[in-house]
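Asks: My structure is stored as structure37.cif, with mmCIF, C-alpha atoms.
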```
data_work
loop_
_atom_site.label_atom_id
_atom_site.label_comp_id
_atom_site.auth_asym_id
_atom_site.auth_seq_id
_atom_site.Cartn_x
_atom_site.Cartn_y
_atom_site.Cartn_z
CA MET A 1 0.00 0.00 0.00
CA GLU A 2 1.39 3.39 -1.06
CA ILE A 3 0.33 5.92 1.57
CA THR A 4 0.21 9.64 0.76
CA TYR A 5 1.48 11.81 3.62
CA ASN A 6 -0.23 15.22 3.83
CA LEU A 7 1.10 16.17 7.24
CA LYS A 8 0.85 19.29 9.33
CA PRO A 9 3.74 21.74 8.91
CA ALA A 10 6.61 20.82 11.21
CA SER A 11 6.05 24.04 13.18
CA GLU A 12 2.53 22.88 14.12
CA ARG A 13 3.41 19.34 15.12
CA ARG A 14 4.56 17.97 18.44
CA THR A 15 8.35 18.10 18.65
CA GLU A 16 8.94 16.49 22.06
CA GLN A 17 7.60 13.36 23.74
CA PHE A 18 4.26 13.96 25.45
CA LYS A 19 4.84 14.14 29.21
CA PRO A 20 1.49 14.96 30.84
CA GLU A 21 1.55 16.36 34.36
CA GLY A 22 -1.51 14.41 35.50
CA ASN A 23 -3.45 11.37 34.37
CA VAL A 24 -4.61 12.07 30.82
CA GLY A 25 -7.78 10.01 31.24
CA PHE A 26 -9.01 7.51 28.70
CA GLY A 27 -10.12 8.25 25.16
CA SER A 28 -10.52 12.03 25.24
CA LEU A 29 -7.27 13.24 23.59
CA ARG A 30 -6.28 13.00 19.90
CA THR A 31 -2.97 13.06 18.10
CA ASP A 32 -2.02 15.41 15.24
CA HIS A 33 -3.10 13.16 12.36
CA MET A 34 -5.51 10.51 11.14
CA PHE A 35 -5.45 7.86 8.44
CA LEU A 36 -8.12 7.89 5.72
CA MET A 37 -9.01 5.62 2.83
CA ASP A 38 -12.05 5.71 0.55
CA TYR A 39 -14.19 3.05 -1.11
CA HIS A 40 -15.90 3.71 -4.41
CA ASP A 41 -16.29 1.99 -7.79
CA GLY A 42 -15.85 -1.34 -6.05
CA GLN A 43 -12.42 -0.81 -4.48
CA TRP A 44 -10.58 0.79 -1.58
CA CYS A 45 -8.33 3.62 -2.74
CA TYR A 46 -6.35 6.75 -1.89
CA PRO A 47 -4.78 5.77 1.46
CA ARG A 48 -3.48 8.91 3.16
CA ILE A 49 -2.45 10.43 6.46
CA VAL A 50 -3.80 13.94 7.01
CA PRO A 51 -4.18 16.39 9.92
CA TYR A 52 -6.83 15.34 12.43
CA GLY A 53 -10.00 17.31 11.78
CA PRO A 54 -13.66 17.28 10.78
CA PHE A 55 -15.01 15.22 7.89
CA GLU A 56 -16.87 16.78 5.01
CA MET A 57 -19.98 14.65 4.69
CA ALA A 58 -23.28 14.98 2.84
CA PRO A 59 -26.38 15.33 5.05
CA GLY A 60 -27.74 12.30 3.22
CA ALA A 61 -24.73 10.10 4.03
CA MET A 62 -26.16 6.67 4.72
CA ALA A 63 -24.23 6.16 7.97
CA LEU A 64 -26.19 9.06 9.46
CA HIS A 65 -29.56 7.60 8.55
CA TYR A 66 -29.17 3.82 8.62
CA GLY A 67 -26.26 3.30 10.98
CA GLN A 68 -24.01 1.45 8.54
CA SER A 69 -20.90 1.93 10.63
CA ILE A 70 -18.46 -0.35 12.48
CA PHE A 71 -15.38 0.18 14.62
CA GLU A 72 -12.55 -1.49 16.49
CA GLY A 73 -10.49 -0.73 19.59
CA ALA A 74 -6.87 -1.70 20.18
CA LYS A 75 -3.80 -0.48 22.08
CA ALA A 76 -0.11 0.23 21.55
CA PHE A 77 2.48 0.49 24.33
CA MET A 78 5.95 1.92 24.79
CA HIS A 79 8.47 -0.66 25.97
CA GLU A 80 11.66 -0.09 27.93
CA ASP A 81 13.66 0.18 24.70
CA GLY A 82 11.77 3.39 23.87
CA GLU A 83 9.95 1.81 20.93
CA ILE A 84 6.18 1.52 20.51
CA TYR A 85 4.60 -1.91 20.12
CA THR A 86 1.07 -2.79 19.03
CA PHE A 87 -0.84 -5.57 20.78
CA ARG A 88 -2.60 -8.20 18.65
CA ILE A 89 -3.95 -5.77 16.06
CA ASN A 90 -4.15 -8.66 13.60
CA LYS A 91 -7.07 -9.94 15.69
CA ASN A 92 -8.76 -6.54 15.45
CA ALA A 93 -8.32 -6.57 11.68
CA GLU A 94 -9.91 -10.02 11.50
CA ARG A 95 -12.83 -8.91 13.65
CA MET A 96 -13.31 -5.71 11.63
CA ASN A 97 -13.93 -7.84 8.56
CA ARG A 98 -16.33 -10.10 10.45
CA SER A 99 -18.28 -7.01 11.52
CA ALA A 100 -18.15 -5.72 7.95
CA ASP A 101 -19.69 -8.95 6.65
CA ILE A 102 -22.57 -8.68 9.12
CA VAL A 103 -23.52 -5.11 8.11
CA CYS A 104 -22.68 -5.43 4.37
CA ILE A 105 -19.52 -3.27 4.33
CA PRO A 106 -16.70 -4.27 1.94
CA ASN A 107 -13.76 -6.01 3.64
CA ILE A 108 -10.35 -4.37 3.93
CA ASP A 109 -7.32 -6.61 3.61
CA GLU A 110 -6.03 -7.32 7.13
CA GLN A 111 -2.46 -6.35 6.27
CA VAL A 112 -3.70 -3.04 4.84
CA GLN A 113 -5.50 -2.33 8.11
CA MET A 114 -2.37 -3.10 10.12
CA ASP A 115 -0.14 -1.06 7.81
CA ALA A 116 -2.48 1.91 8.22
CA ILE A 117 -2.35 1.67 12.02
CA ASN A 118 1.43 1.32 12.09
CA ALA A 119 1.99 4.22 9.69
CA LEU A 120 -0.19 6.54 11.76
CA ILE A 121 1.47 5.55 15.03
CA ASP A 122 4.85 6.11 13.44
CA VAL A 123 3.89 9.64 12.36
CA ASP A 124 2.47 10.57 15.77
CA ARG A 125 4.75 8.51 18.03
CA LEU A 126 5.71 11.63 20.04
CA TRP A 127 2.13 11.69 21.31
CA PHE A 128 2.67 8.56 23.41
CA PRO A 129 2.00 9.74 26.99
CA MET A 130 4.94 9.08 29.28
CA GLN A 131 3.27 7.87 32.45
CA GLU A 132 2.69 4.56 34.20
CA GLY A 133 0.01 2.42 32.60
CA ALA A 134 -0.37 4.65 29.54
CA CYS A 135 -1.09 3.60 25.97
CA LEU A 136 -2.02 4.85 22.56
CA TYR A 137 -5.63 3.76 22.16
CA ILE A 138 -6.28 2.88 18.51
CA ARG A 139 -9.72 3.46 16.98
CA PRO A 140 -10.20 2.20 13.39
CA PHE A 141 -13.72 2.62 11.97
CA ILE A 142 -15.67 2.45 8.70
CA PHE A 143 -18.83 4.37 7.83
CA ALA A 144 -21.11 4.66 4.79
CA THR A 145 -20.84 7.96 2.89
CA GLU A 146 -23.10 7.58 -0.13
CA ASP A 147 -25.69 10.38 -0.30
CA ARG A 148 -28.85 8.31 -0.69
CA LEU A 149 -32.02 7.86 1.35
CA SER A 150 -33.21 4.47 0.12
CA VAL A 151 -32.46 1.52 2.41
CA SER A 152 -29.72 -0.67 0.96
CA PRO A 153 -25.97 -1.09 1.41
CA SER A 154 -23.98 2.02 0.50
CA THR A 155 -21.68 2.04 -2.50
CA ARG A 156 -19.22 4.47 -0.87
CA TYR A 157 -17.38 4.26 2.45
CA THR A 158 -14.60 5.89 4.44
CA PHE A 159 -12.09 3.97 6.55
CA CYS A 160 -10.46 6.06 9.25
CA VAL A 161 -7.97 5.45 12.06
CA VAL A 162 -7.51 7.89 14.93
CA LEU A 163 -5.29 7.64 18.00
CA SER A 164 -6.02 8.66 21.58
CA PRO A 165 -3.14 9.15 24.07
CA SER A 166 -4.63 7.55 27.16
CA GLY A 167 -3.75 6.82 30.75
CA ALA A 168 -4.62 3.67 32.63
CA TYR A 169 -8.36 2.95 32.57
CA TYR A 170 -8.11 2.42 36.32
CA ALA A 171 -5.54 4.90 37.62
CA ALA A 172 -4.78 2.73 40.66
CA GLY A 173 -5.14 -0.61 38.89
CA VAL A 174 -7.91 -3.15 39.44
CA ASN A 175 -8.76 -2.31 43.03
CA LYS A 176 -12.54 -2.14 43.34
CA GLY A 177 -15.37 -4.37 42.25
CA ILE A 178 -18.23 -2.92 40.22
CA ARG A 179 -21.95 -3.78 40.43
CA LEU A 180 -23.91 -5.14 37.47
CA LEU A 181 -27.67 -5.00 36.97
CA ILE A 182 -29.08 -8.37 35.91
CA SER A 183 -31.87 -7.22 33.62
CA LYS A 184 -34.74 -9.23 32.21
CA THR A 185 -36.11 -6.07 30.58
CA PHE A 186 -33.25 -5.09 28.29
CA HIS A 187 -31.54 -7.35 25.77
CA ARG A 188 -28.38 -6.56 23.86
CA ALA A 189 -28.98 -8.84 20.88
CA VAL A 190 -31.03 -11.71 19.47
CA SER A 191 -29.92 -14.60 17.31
CA GLY A 192 -29.68 -13.67 13.65
CA GLY A 193 -28.94 -10.02 14.41
CA THR A 194 -25.79 -7.92 14.69
CA GLY A 195 -24.72 -8.94 18.21
CA ALA A 196 -21.45 -10.55 17.08
CA SER A 197 -20.30 -7.34 15.35
CA LYS A 198 -18.86 -4.06 16.63
CA ALA A 199 -21.62 -2.16 14.87
CA ALA A 200 -22.11 1.40 16.10
CA GLY A 201 -25.84 0.82 16.43
CA ASN A 202 -25.29 -1.91 19.02
CA TYR A 203 -23.73 0.65 21.33
CA ALA A 204 -26.45 3.23 20.72
CA ALA A 205 -28.99 0.58 21.70
CA SER A 206 -27.13 -0.06 24.97
CA LEU A 207 -27.40 3.50 26.26
CA ARG A 208 -30.95 3.16 27.59
CA ALA A 209 -30.02 0.00 29.46
CA GLY A 210 -26.97 1.80 30.86
CA LYS A 211 -29.18 4.58 32.23
CA ALA A 212 -31.40 1.98 33.88
CA ALA A 213 -28.37 0.32 35.46
CA ALA A 214 -27.21 3.64 36.91
CA ALA A 215 -30.58 4.05 38.61
CA PHE A 216 -29.83 0.81 40.49
CA GLY A 217 -26.33 1.99 41.46
CA ALA A 218 -24.81 -0.38 38.90
CA SER A 219 -22.03 0.37 36.42
CA GLN A 220 -23.42 -1.69 33.56
CA VAL A 221 -25.99 -4.33 32.64
CA LEU A 222 -25.35 -8.05 32.64
CA TYR A 223 -27.32 -9.04 29.54
CA LEU A 224 -29.20 -12.31 29.30
CA ASP A 225 -30.34 -14.11 26.17
CA SER A 226 -33.81 -13.38 24.81
CA THR A 227 -35.32 -16.15 26.99
CA ASN A 228 -33.76 -14.63 30.16
CA GLN A 229 -32.14 -17.95 31.02
CA GLN A 230 -28.51 -17.69 29.83
CA ILE A 231 -25.82 -15.15 30.68
CA GLU A 232 -24.35 -13.40 27.65
CA GLU A 233 -22.37 -10.12 27.97
CA ALA A 234 -21.61 -7.53 30.63
CA GLY A 235 -22.20 -4.14 29.04
CA ALA A 236 -19.35 -3.59 26.59
CA MET A 237 -17.35 -6.54 27.98
CA ASN A 238 -17.37 -10.32 27.79
CA HIS A 239 -18.50 -11.75 31.14
CA PHE A 240 -16.54 -14.39 33.04
CA HIS A 241 -16.49 -16.06 36.43
CA ILE A 242 -13.95 -18.09 38.41
CA LEU A 243 -14.64 -21.30 40.32
CA LYS A 244 -13.13 -22.08 43.71
CA ASP A 245 -10.60 -24.41 42.03
CA GLY A 246 -9.36 -21.46 39.94
CA THR A 247 -11.06 -22.44 36.66
CA VAL A 248 -12.07 -19.44 34.53
CA ILE A 249 -15.41 -19.79 32.73
CA ILE A 250 -16.35 -17.58 29.76
CA PRO A 251 -19.79 -17.90 28.12
CA THR A 252 -19.62 -19.74 24.80
CA PHE A 253 -19.42 -17.35 21.84
CA THR A 254 -22.62 -17.22 19.81
CA ASP A 255 -24.01 -14.86 17.18
CA THR A 256 -25.33 -12.69 20.03
CA ILE A 257 -21.97 -12.25 21.78
CA LEU A 258 -19.07 -10.14 20.54
CA LYS A 259 -15.95 -12.28 20.40
CA SER A 260 -13.68 -10.33 22.75
CA ILE A 261 -10.00 -10.35 21.80
CA THR A 262 -9.19 -10.08 25.50
CA SER A 263 -11.28 -13.19 26.22
CA GLN A 264 -9.60 -15.08 23.38
CA SER A 265 -6.20 -14.04 24.69
CA ILE A 266 -7.00 -15.14 28.25
CA MET A 267 -8.03 -18.53 26.91
CA GLU A 268 -4.64 -18.83 25.21
CA LEU A 269 -2.85 -17.83 28.42
CA GLY A 270 -4.27 -20.60 30.60
CA GLU A 271 -0.93 -22.40 30.90
CA MET A 272 0.90 -19.22 31.89
CA LEU A 273 -1.87 -18.43 34.39
CA GLY A 274 -1.64 -21.93 35.82
CA CYS A 275 -5.34 -22.62 35.50
CA GLU A 276 -7.96 -23.97 33.14
CA VAL A 277 -9.80 -21.43 31.01
CA ARG A 278 -12.82 -22.76 29.16
CA GLN A 279 -16.10 -21.73 27.57
CA GLU A 280 -19.52 -23.11 28.37
CA THR A 281 -23.16 -22.12 28.35
CA VAL A 282 -23.86 -20.32 31.64
CA MET A 283 -27.40 -20.61 32.97
CA LEU A 284 -28.47 -17.71 35.18
CA ASP A 285 -30.13 -19.75 37.94
CA GLN A 286 -27.13 -22.05 38.32
CA PHE A 287 -24.76 -19.08 38.22
CA ILE A 288 -26.55 -17.38 41.13
CA ALA A 289 -26.76 -20.64 43.08
CA ASP A 290 -23.03 -21.21 42.62
CA ILE A 291 -22.22 -17.71 43.88
CA GLU A 292 -24.38 -18.24 46.96
CA SER A 293 -22.85 -21.67 47.67
CA GLY A 294 -19.29 -20.38 47.28
CA GLU A 295 -18.55 -22.47 44.19
CA ILE A 296 -18.02 -19.22 42.27
CA ILE A 297 -15.52 -17.00 44.07
CA GLU A 298 -14.80 -14.21 41.55
CA ALA A 299 -16.46 -12.71 38.48
CA GLY A 300 -16.00 -9.85 36.06
CA GLY A 301 -15.67 -8.67 32.50
CA PHE A 302 -12.91 -8.80 29.87
CA GLY A 303 -12.43 -5.94 27.39
CA THR A 304 -9.80 -3.86 25.62
CA ALA A 305 -10.19 -0.62 27.57
CA ALA A 306 -10.04 -1.92 31.14
CA VAL A 307 -8.60 -5.40 30.38
CA VAL A 308 -10.32 -6.84 33.47
CA SER A 309 -13.18 -5.37 35.50
CA ALA A 310 -13.97 -7.24 38.71
CA VAL A 311 -17.63 -7.58 39.72
CA GLY A 312 -18.27 -7.28 43.44
CA SER A 313 -22.05 -7.74 43.29
CA TYR A 314 -25.09 -8.15 41.08
CA ILE A 315 -28.45 -6.49 41.59
CA PHE A 316 -31.77 -7.69 40.16
CA GLU A 317 -34.55 -5.39 39.03
CA ASP A 318 -36.49 -6.27 42.20
CA GLY A 319 -33.61 -4.90 44.30
CA HIS A 320 -32.20 -8.28 45.36
CA ILE A 321 -28.40 -8.16 45.65
CA VAL A 322 -26.00 -11.08 45.27
CA THR A 323 -22.41 -10.51 46.43
CA VAL A 324 -19.51 -12.39 44.87
CA GLY A 325 -17.18 -13.73 47.56
CA ASN A 326 -16.47 -10.85 49.93
CA GLY A 327 -17.26 -8.25 47.28
CA GLU A 328 -13.59 -7.35 46.83
CA VAL A 329 -11.21 -7.90 43.91
CA GLY A 330 -9.91 -11.44 44.22
CA GLU A 331 -6.41 -12.80 43.80
CA HIS A 332 -7.19 -14.61 40.53
CA ILE A 333 -8.41 -11.44 38.82
CA GLN A 334 -5.40 -9.53 40.10
CA ARG A 335 -3.11 -12.23 38.68
CA ILE A 336 -4.87 -12.18 35.30
CA TYR A 337 -4.66 -8.39 35.10
CA LYS A 338 -0.98 -8.35 36.06
CA LEU A 339 0.09 -11.03 33.58
CA TYR A 340 -1.88 -9.52 30.71
CA THR A 341 -0.66 -5.96 31.22
CA GLU A 342 2.93 -7.07 31.80
CA ILE A 343 2.86 -8.85 28.43
CA GLN A 344 1.45 -5.73 26.79
CA LYS A 345 4.21 -3.57 28.30
CA GLY A 346 6.94 -6.03 27.30
CA HIS A 347 7.93 -6.91 30.87
CA ILE A 348 6.94 -10.55 30.34
CA GLN A 349 7.43 -12.52 27.13
CA GLY A 350 4.03 -13.44 25.76
CA PRO A 351 3.10 -15.82 22.96
CA GLU A 352 4.92 -15.36 19.66
CA GLY A 353 3.63 -12.46 17.59
CA TRP A 354 1.36 -10.85 20.18
CA VAL A 355 3.38 -7.62 20.32
CA LYS A 356 4.87 -6.05 17.20
CA ARG A 357 7.26 -3.10 17.05
CA VAL A 358 6.10 -0.09 15.06
CA GLU A 359 8.77 0.54 12.44
CA ARG A 360 10.24 4.01 12.08
CA LEU A 361 9.36 4.97 8.51
CA ALA A 362 8.13 8.57 8.54
CA LYS A 363 10.54 11.12 7.14
#
```
Take the structure in this file and express it as structure tokens.

Replies:
Amino acid sequence: MEITYNLKPASERRTEQFKPEGNVGFGSLRTDHMFLMDYHDGQWCYPRIVPYGPFEMAPGAMALHYGQSIFEGAKAFMHEDGEIYTFRINKNAERMNRSADIVCIPNIDEQVQMDAINALIDVDRLWFPMQEGACLYIRPFIFATEDRLSVSPSTRYTFCVVLSPSGAYYAAGVNKGIRLLISKTFHRAVSGGTGASKAAGNYAASLRAGKAAAAFGASQVLYLDSTNQQIEEAGAMNHFHILKDGTVIIPTFTDTILKSITSQSIMELGEMLGCEVRQETVMLDQFIADIESGEIIEAGGFGTAAVVSAVGSYIFEDGHIVTVGNGEVGEHIQRIYKLYTEIQKGHIQGPEGWVKRVERLAK
């Protein structure tokens, strides 16, 4: 792929490594540039890196009316050698194409996606925030741009990648359990729908449920299947729980559950964690009974932003509360979080190919 570089003048770009005085938060900052590529006449074309700024888009752009838009989320980290390394972005590229298939968006070659991310990071590498637990959060996304009001797949799209210099999602690490609302009112997805994709509309549909959870003092909703019998996802995370023998259980992936890259990675790390990690169908009634009997000792969610979120308790819509263990963050979750983040930061050698150095190519 031949990328065109239309960069900001040197006088307007960052010239020194970003050294924020306080925690920069998560997801609110942007770097100087973004990557763009267009789709029309049946092919992706004109890959370019340009200054970060607004899009020019027709009011009739189909993404605005019919929600034909998908996205990904990944991270890059600075290692002790001063170089920036991406973490498993090949998996994000694979999942982007799975999402694209579900909402009728043309695929983008996985290597092209990865080359775009690496080129942008290389250009804006001075934006990496120099503080403990920091990362460059990577947001690739595709949206329909054809100016047409009839309902059908667009014939024009834009692929964009932006970067967000971000601090640790939890400034003090994983130190407090959250509460989840177990809702039989709200459902994230049904079989045959878009639940297995990172479609923008899925997240819009979750906002009302999130407001309901907040009214119960909960951080997010633990979604059930449409029959209200099986556990599926926890808000924007894959759910998991841990048995008293240390076994980690993740609900089996279906077409109503987004296949979390963090969950997949944890399953591959079972040997390094020293425990079994497996998937199975999780029935709600048995899950609650196992918490109350002490068979389940920890629970939480896996996701890119936070890596691991521990759940201290669940609340039902009738106000009944079920506490996991003593309600605190358990030792197994702390060990998972530590191993995973140490691999990301290059302090521990992970599986082959999980971290890749961003080559220095920009002139």

Asks: Might you spell out which residues the PyMOL selection byres ((chain A and resi 45) around 12) would select in the displayed file, as JSON, numbers by chain?

Replies: {"A": [1, 2, 3, 4, 36, 37, 38, 39, 40, 41, 42, 43, 44, 46, 47, 48, 108, 112, 156, 157, 158, 159]}

Asks: Compare A:Ala10, A:Ala76, A:Ala310, A:Ala236 by their minimum atom-to-atom distance to Lys198 (chain A), counting all atoms listed in the file, and give me the closest one.

Replies: A:Ala236

Asks: Just how far from CA of Gly73 (chain A) is CA of Arg139 (chain A), in Å to one decimal?

Replies: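 So the answer is 5.0 Å.
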
Asks: Run the PyMOL selection byres ((chain A and resi 210-221) around 6) on the file and write out the hits as number ranges by chain.

Replies: A: 179-181, 207-209, 222-223, 234-235

Asks: Smallest atom-to-atom distance to Ala58 (chain A): which of A:Leu149, A:Ile296, A:Ala196, A:Ile343, using only C-alpha atoms?

Replies: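 Closest residue, counting only C-alpha atoms: A:Leu149.
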
Asks: With 12 Å as the threshold, what does the neighbourhood of (2.0, 9.4, 18.9) contain in terms of residues, counting all atoms listed in the file? Coordinates are those of the file; answer as a PyMOL selection string.

Replies: chain A and resi 13-19+29-34+75-78+83-85+117-130+134-138+162-166+358+360

Asks: For the structure shown, which residues end up in the PyMOL selection byres ((chain A and resi 103) around 8)? Put them as an MDAnalysis selection string, please?

Replies: chainID A and resid 68:69 99:102 104:105 194 199

Asks: So which one's closest to Ala299 (chain A), A:Gly346, A:Pro351, A:Gly246, A:Gly60? Using all atoms listed in the file, please.

Replies: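 Between A:Gly346, A:Pro351, A:Gly246, A:Gly60, the residue approaching Ala299 (chain A) most closely is A:Gly246.
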
Asks: Could you jot down the CA of Val282 (chain A) to CA of Pro251 (chain A) separation for me, Å, one decimal place?

Replies: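 Pair CA of Val282 (chain A) / CA of Pro251 (chain A) returns 5.9 Å.
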
Asks: Please measure the separation of CA of Leu7 (chain A) and CA of Arg88 (chain A), giving the value in Å to one decimal.

Replies: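 Here the two named atoms are 27.2 Å from each other.
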
Asks: Nearest to Gly294 (chain A) among A:Pro51, A:Gly82, A:Gly325, A:Gly353, with distances taken over only C-alpha atoms: which residue is it?

Replies: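 The shortest atom-to-atom distance to Gly294 (chain A) comes from A:Gly325.
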
Asks: Considering all atoms listed in the file, give me a table of residues in region 265-300 of chain A that are at most 12 Å from region 315-321 of chain A, with the closest atom pair and distance in Å for each, as a tab-separated table.

Replies:
```
residue	atom	partner	partner_atom	distance
A:Leu284	CA	A:Phe316	CA	11.7
A:Ile288	CA	A:Ile321	CA	10.4
A:Ile291	CA	A:Ile321	CA	11.5
A:Glu292	CA	A:Ile321	CA	10.9
```

Asks: From the list A:Gly192, A:Pro54, A:Gly177, A:Gly274, which residue is nearest Val311 (chain A) when using only C-alpha atoms?

Replies: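 Closest candidate: A:Gly177.
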
Asks: Find the spatial neighbours of Gly67 (chain A), counting all atoms listed in the file, within a cut-off of 9 Å - ignore same-chain residues fewer than 6 positions away - and output them as a ChimeraX atom specification.

Replies: /A:143-144,199-201

Asks: Generate a file of the selected residues that holds C-alpha atoms, formatted as an mmCIF file, in the frame of the given file.

Replies:
```
data_model
loop_
_atom_site.group_PDB
_atom_site.id
_atom_site.type_symbol
_atom_site.label_atom_id
_atom_site.label_comp_id
_atom_site.auth_asym_id
_atom_site.auth_seq_id
_atom_site.Cartn_x
_atom_site.Cartn_y
_atom_site.Cartn_z
ATOM 1 C CA PHE A 143 -18.830 4.370 7.830
ATOM 2 C CA ALA A 144 -21.110 4.660 4.790
ATOM 3 C CA ALA A 199 -21.620 -2.160 14.870
ATOM 4 C CA ALA A 200 -22.110 1.400 16.100
ATOM 5 C CA GLY A 201 -25.840 0.820 16.430
#
```

Asks: The residues within 9 Å of (-10.2, -12.2, 44.8), using only C-alpha atoms and the coordinates of the file, should be reported as a PyMOL selection string; which are they?

Replies: chain A and resi 297-299+310+325-334

Asks: Which residue gives the smallest distance to Ile70 (chain A) among A:Gly312, A:Ser197, A:Glu56, A:Glu21, with all atoms listed in the file counted?

Replies: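 Among A:Gly312, A:Ser197, A:Glu56, A:Glu21, it is A:Ser197 that comes nearest to Ile70 (chain A).
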
Asks: Ser313 (chain A): which residues within 6 Å, counting only C-alpha atoms, same-chain residues fewer than 6 positions away excluded, as a compact mmCIF listing (two decimals) with C-alpha atoms, in the frame of the given file?

Replies:
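What landed in part_3.txt:
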```
# COMPACT_ATOMS: atom_id res chain seq x y z
CA ARG A 179 -21.95 -3.78 40.43
CA VAL A 322 -26.00 -11.08 45.27
CA THR A 323 -22.41 -10.51 46.43
CA VAL A 324 -19.51 -12.39 44.87
```
